[in-house]
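What follows is a single structure, written as C-alpha cells, with notes after it.
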Amino acid sequence: MIMEVVSNAGQMQEIVMGMRRQGLSIGLVPTMGYLHQGHLSLVRRARSECDRVVMSIFVNPLQFGPREDFAAYPRDPEHDLALARDEGVDYVFAPVKEDMYPKGFNTQVTVEGALTEKMCSRSRPGHFRGVTTVVMKLFQIVQPDRAYFGQKDAQQALVIRRMATDLNLPLEIVTCPIVRETDGLALSSRNAYLSSEERRVALVLPRSLEAGRDLIIKGERRVERVRDEITERLAAERAIKVDYVEVCDGQTLADLAELRGPVLLAAAVYVGRTRLIDNIYLEV
Ligand code: PAF
C-alpha cells in the first residue's frame, strides 16, 4: 500500500469509515514527529497487530506551558514521512492547528487524582490535560482498535489508560518498552537539544535509576532508601538539576509504604535547558 498523508480531520474520518466498512482493524501511533527508533518500534508493534496503521504527527500546543519549548520543539516533516513510509505506515494524519483547535474551541478532557497530581504534573501544570484532550480528539477522528504509546512517558501512558477506562473507549491501549541508545540513554526527540557535553552528562539519568533498581534486586524494600540512592547519584552530577525523583506504585502512582508489587522508579532532570525524563518499571 502506498502511504497517504492526510491533513484534514474530516477526510481522515471518511478514510476511517471506509476501513471500518471493509472490516479492517486500525492501529494508531500518536506522535509529535521528529521520529526516532522509539516511535518506529510502536509502528512495528501496530503493524504486527492491526490491518492498517495510522500515525498522527501533530505538535500539540495545548500540552506545552507558556514558558516551554513549543516553538523550539524539533520538527523535520520530510524525514518523518520518509521514516514512516519505510516502516510501512499506511496513513500519516498531520492536521493543521486550526483543524484540531477550531475557533471557539472550549472542551477539554481532564483525568483527576493521584495520576495527574505528582511527577510531571508538578512542573508542567496543565500538561496532561493537553495530552488527554488531543489524544481523545485523535481517538474520535481515527477510531482505532488499538493505540500505541511508549513506556518512556510512563505517567502519560497511565493517564491515557485511565481516560480510556473511565470513558468506556472501545479500544486497547498498548504500552511498548523504552528504546535506548547503546549506552542506555532513553530515546527522545528532545535529545536533539543536547550538546555533546550535555549528552555525556545526561547518562547520569539512566545510571541513577539503574542503581535504584539494583538496590531493589539485592533485597532493599525501603522506599526512602531507594529514592535517596537515585537522588544522591543524580545530585553528584553538578551539571544537572533534579526536577523530581519518584519511587511509587507502577500502576496508580500512589505512595508506597514498602516496595512490593508493580513499582515505578522515575526521574526528571534538567540538563542545561533540556528537560529529560526516564523510568524503570519492575515487579517486586
Ligand atoms: O507522547 C507524545 O508524543 C505526545 O504526548 C502525544 C501522545 C502524541 C500527544 O500529543
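In the C-alpha cells, chains take the letters A, B, ... in the order shown, each chain's residues start at 1, and ligands count up from 1 in the order shown.
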For Glu117 of chain A, work out the shell of residues within 12 Å, counting only C-alpha atoms and skipping chain neighbours fewer than 3 positions away, then give it as a PyMOL selection string.
-> chain A and resi 110-114+120-129+155+159+252-255
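For segment 108-212 of chain A, backbone-based DSSP labels the following residues as strand (DSSP E): A:Arg146, A:Ala147, A:Tyr148, A:Phe149, A:Gly150, A:Glu172, A:Ile173, A:Val174, A:Thr175, A:Cys176.
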Residue subset to file, keeping N, CA, C and O atoms, as a compact mmCIF listing (two decimals), in the first residue's frame:
```txt
# COMPACT_ATOMS: atom_id res chain seq x y z
N ARG A 146 -6.61 -0.23 18.45
CA ARG A 146 -5.52 -0.18 19.43
C ARG A 146 -4.73 1.11 19.23
O ARG A 146 -4.59 1.58 18.10
N ALA A 147 -4.25 1.66 20.35
CA ALA A 147 -3.40 2.85 20.26
C ALA A 147 -2.12 2.57 21.02
O ALA A 147 -2.15 1.96 22.10
N TYR A 148 -1.00 3.02 20.48
CA TYR A 148 0.33 2.61 20.95
C TYR A 148 1.09 3.79 21.56
O TYR A 148 1.22 4.85 20.93
N PHE A 149 1.59 3.58 22.78
CA PHE A 149 2.32 4.63 23.49
C PHE A 149 3.60 4.04 24.06
O PHE A 149 3.67 2.85 24.37
N GLY A 150 4.61 4.90 24.25
CA GLY A 150 5.90 4.43 24.77
C GLY A 150 5.93 4.49 26.29
O GLY A 150 5.40 5.43 26.91
N GLU A 172 -8.01 -0.61 22.75
CA GLU A 172 -6.99 -1.13 23.67
C GLU A 172 -5.80 -0.17 23.67
O GLU A 172 -5.37 0.28 22.60
N ILE A 173 -5.33 0.15 24.86
CA ILE A 173 -4.12 0.98 24.97
C ILE A 173 -2.94 0.03 25.12
O ILE A 173 -2.91 -0.80 26.02
N VAL A 174 -1.97 0.14 24.22
CA VAL A 174 -0.80 -0.74 24.26
C VAL A 174 0.42 0.10 24.62
O VAL A 174 0.70 1.12 23.97
N THR A 175 1.11 -0.31 25.68
CA THR A 175 2.31 0.42 26.08
C THR A 175 3.53 -0.41 25.69
O THR A 175 3.61 -1.59 26.02
N CYS A 176 4.46 0.20 24.97
CA CYS A 176 5.63 -0.53 24.45
C CYS A 176 6.90 -0.12 25.19
O CYS A 176 7.02 1.03 25.65
```
Name each residue within 7 Å of ligand 1, counting only C-alpha atoms and all ligand atoms, as a PyMOL selection string.
-> chain A and resi 30-32+58-60+131+134-135+149+153
Counting only C-alpha atoms, which of A:Ala164, A:Ala9, A:Leu158, A:Gln22 gets nearest to Lys97 of chain A?
-> A:Ala9
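Proximity ranking of A:Leu115, A:Val271, A:Asp86, A:Gly130 relative to Phe64 of chain A places A:Gly130 first, based on only C-alpha atoms.
Relative to atom CA of Leu42 of chain A, atom CA of His79 of chain A is found at 17.3 Å.
Excluding Met55 of chain A itself and any same-chain residue fewer than 5 positions from it, the protein and nucleic acid residues within 6 Å of it, counting only C-alpha atoms, are A:Leu28, A:Val29, A:Pro30, A:Val92.
Across the model, the gap from atom CA of Val245 of chain A to atom CA of Ser189 of chain A is 21.5 Å.
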Give the helix (DSSP H, G or I) residues of segment 89-284 of chain A, as DSSP finds them on the backbone, and put them as a ChimeraX atom specification.
-> /A:97-100,114-116,120-123,127-142,151-166,189-193,196-201,204-217,223-235
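Taking atom CA of Tyr270 of chain A as the reference point, atom CA of Gln251 of chain A is found at 25.4 Å.
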Selection near Pro95 of chain A, 8 Å with only C-alpha atoms, sequence-local residues under 4 positions removed, as a PyMOL selection string = chain A and resi 6-9+57-58+99-100
Write the residues you've just listed into a file as a short mmCIF file (atom, residue, chain, number, x, y, z; two decimals), in the first residue's frame, and include N, CA, C and O atoms for each of them.
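Result file is again18.cif:
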```
data_model
loop_
_atom_site.label_atom_id
_atom_site.label_comp_id
_atom_site.auth_asym_id
_atom_site.auth_seq_id
_atom_site.Cartn_x
_atom_site.Cartn_y
_atom_site.Cartn_z
N VAL A 6 -2.64 12.72 5.19
CA VAL A 6 -3.95 13.36 5.31
C VAL A 6 -3.81 14.52 6.29
O VAL A 6 -3.30 14.35 7.39
N SER A 7 -4.28 15.70 5.88
CA SER A 7 -4.09 16.84 6.78
C SER A 7 -5.41 17.40 7.29
O SER A 7 -5.44 18.36 8.04
N ASN A 8 -6.50 16.75 6.91
CA ASN A 8 -7.80 17.27 7.26
C ASN A 8 -8.57 16.23 8.07
O ASN A 8 -8.66 15.06 7.69
N ALA A 9 -9.13 16.63 9.22
CA ALA A 9 -9.78 15.68 10.12
C ALA A 9 -10.98 15.00 9.46
O ALA A 9 -11.17 13.79 9.59
N ILE A 57 0.90 12.93 13.37
CA ILE A 57 2.04 13.81 13.65
C ILE A 57 1.47 15.20 13.90
O ILE A 57 0.91 15.83 12.99
N PHE A 58 1.55 15.64 15.14
CA PHE A 58 0.97 16.94 15.48
C PHE A 58 1.66 17.44 16.75
O PHE A 58 1.57 16.80 17.80
N ASP A 99 -7.55 22.90 12.49
CA ASP A 99 -8.42 21.74 12.36
C ASP A 99 -8.61 21.07 13.71
O ASP A 99 -9.71 20.60 14.04
N MET A 100 -7.55 21.02 14.49
CA MET A 100 -7.62 20.38 15.81
C MET A 100 -8.27 21.34 16.83
O MET A 100 -8.99 20.91 17.71
#
```
Please provide as a list in words all residues within 9 Å of segment 207-221 of chain A, with the sequence filter that same-chain residues fewer than 6 positions apart are discarded (counting only C-alpha atoms).
-> Gly184, Leu185, Arg227, Asp228, Glu229, Ile230, Thr231, Glu232, Arg233, Leu234, Glu258, Leu259, Arg260, Leu265, Ala266, Ala267, Asp278, Asn279, Ile280, Tyr281, Leu282 and Val284 of chain A
From A:Leu62, A:Asp249, A:Phe70, A:Ile26, residue lying nearest Thr107 of chain A [only C-alpha atoms] | A:Leu62
For Val223 of chain A, which residue out of A:Arg199, A:Ala257, A:Tyr193, A:Ser56 is the nearest one, using only C-alpha atoms?
-> A:Ala257
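Near Asp183 of chain A, within 10 Å and counting only C-alpha atoms, sit Arg200, Leu203, Pro206 and Arg207 of chain A; same-chain residues fewer than 6 positions away were not included.
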Those same residues - all heavy atoms - I'd like them written as a PDB file, in the first residue's frame.
```pdb
ATOM      1  N   ARG A 200      26.743  13.592  27.258  1.00  0.00           N
ATOM      2  CA  ARG A 200      27.542  12.748  28.157  1.00  0.00           C
ATOM      3  C   ARG A 200      26.961  12.804  29.574  1.00  0.00           C
ATOM      4  O   ARG A 200      26.746  11.788  30.232  1.00  0.00           O
ATOM      5  CB  ARG A 200      28.998  13.254  28.145  1.00  0.00           C
ATOM      6  CG  ARG A 200      29.985  12.335  28.834  1.00  0.00           C
ATOM      7  CD  ARG A 200      31.341  13.011  29.023  1.00  0.00           C
ATOM      8  NE  ARG A 200      31.269  14.225  29.872  1.00  0.00           N
ATOM      9  CZ  ARG A 200      31.108  14.222  31.178  1.00  0.00           C
ATOM     10  NH1 ARG A 200      30.994  13.081  31.826  1.00  0.00           N
ATOM     11  NH2 ARG A 200      31.038  15.363  31.860  1.00  0.00           N
ATOM     12  N   LEU A 203      23.696  10.855  30.798  1.00  0.00           N
ATOM     13  CA  LEU A 203      23.746   9.424  31.138  1.00  0.00           C
ATOM     14  C   LEU A 203      23.534   9.157  32.615  1.00  0.00           C
ATOM     15  O   LEU A 203      23.190   8.042  33.012  1.00  0.00           O
ATOM     16  CB  LEU A 203      25.107   8.856  30.742  1.00  0.00           C
ATOM     17  CG  LEU A 203      25.204   8.286  29.348  1.00  0.00           C
ATOM     18  CD1 LEU A 203      26.541   7.612  29.168  1.00  0.00           C
ATOM     19  CD2 LEU A 203      24.066   7.309  29.086  1.00  0.00           C
ATOM     20  N   PRO A 206      19.779   7.511  33.352  1.00  0.00           N
ATOM     21  CA  PRO A 206      19.548   6.055  33.396  1.00  0.00           C
ATOM     22  C   PRO A 206      20.436   5.353  34.422  1.00  0.00           C
ATOM     23  O   PRO A 206      19.984   4.413  35.082  1.00  0.00           O
ATOM     24  CB  PRO A 206      19.882   5.590  31.966  1.00  0.00           C
ATOM     25  CG  PRO A 206      20.660   6.695  31.340  1.00  0.00           C
ATOM     26  CD  PRO A 206      20.199   7.963  31.998  1.00  0.00           C
ATOM     27  N   ARG A 207      21.662   5.834  34.594  1.00  0.00           N
ATOM     28  CA  ARG A 207      22.572   5.167  35.549  1.00  0.00           C
ATOM     29  C   ARG A 207      22.008   5.226  36.970  1.00  0.00           C
ATOM     30  O   ARG A 207      22.107   4.266  37.723  1.00  0.00           O
ATOM     31  CB  ARG A 207      23.949   5.830  35.528  1.00  0.00           C
ATOM     32  CG  ARG A 207      24.695   5.698  34.241  1.00  0.00           C
ATOM     33  CD  ARG A 207      25.403   4.349  34.109  1.00  0.00           C
ATOM     34  NE  ARG A 207      26.089   4.275  32.834  1.00  0.00           N
ATOM     35  CZ  ARG A 207      25.516   3.911  31.674  1.00  0.00           C
ATOM     36  NH1 ARG A 207      24.242   3.560  31.635  1.00  0.00           N
ATOM     37  NH2 ARG A 207      26.206   3.885  30.561  1.00  0.00           N
TER      38      ARG A 207
END
```
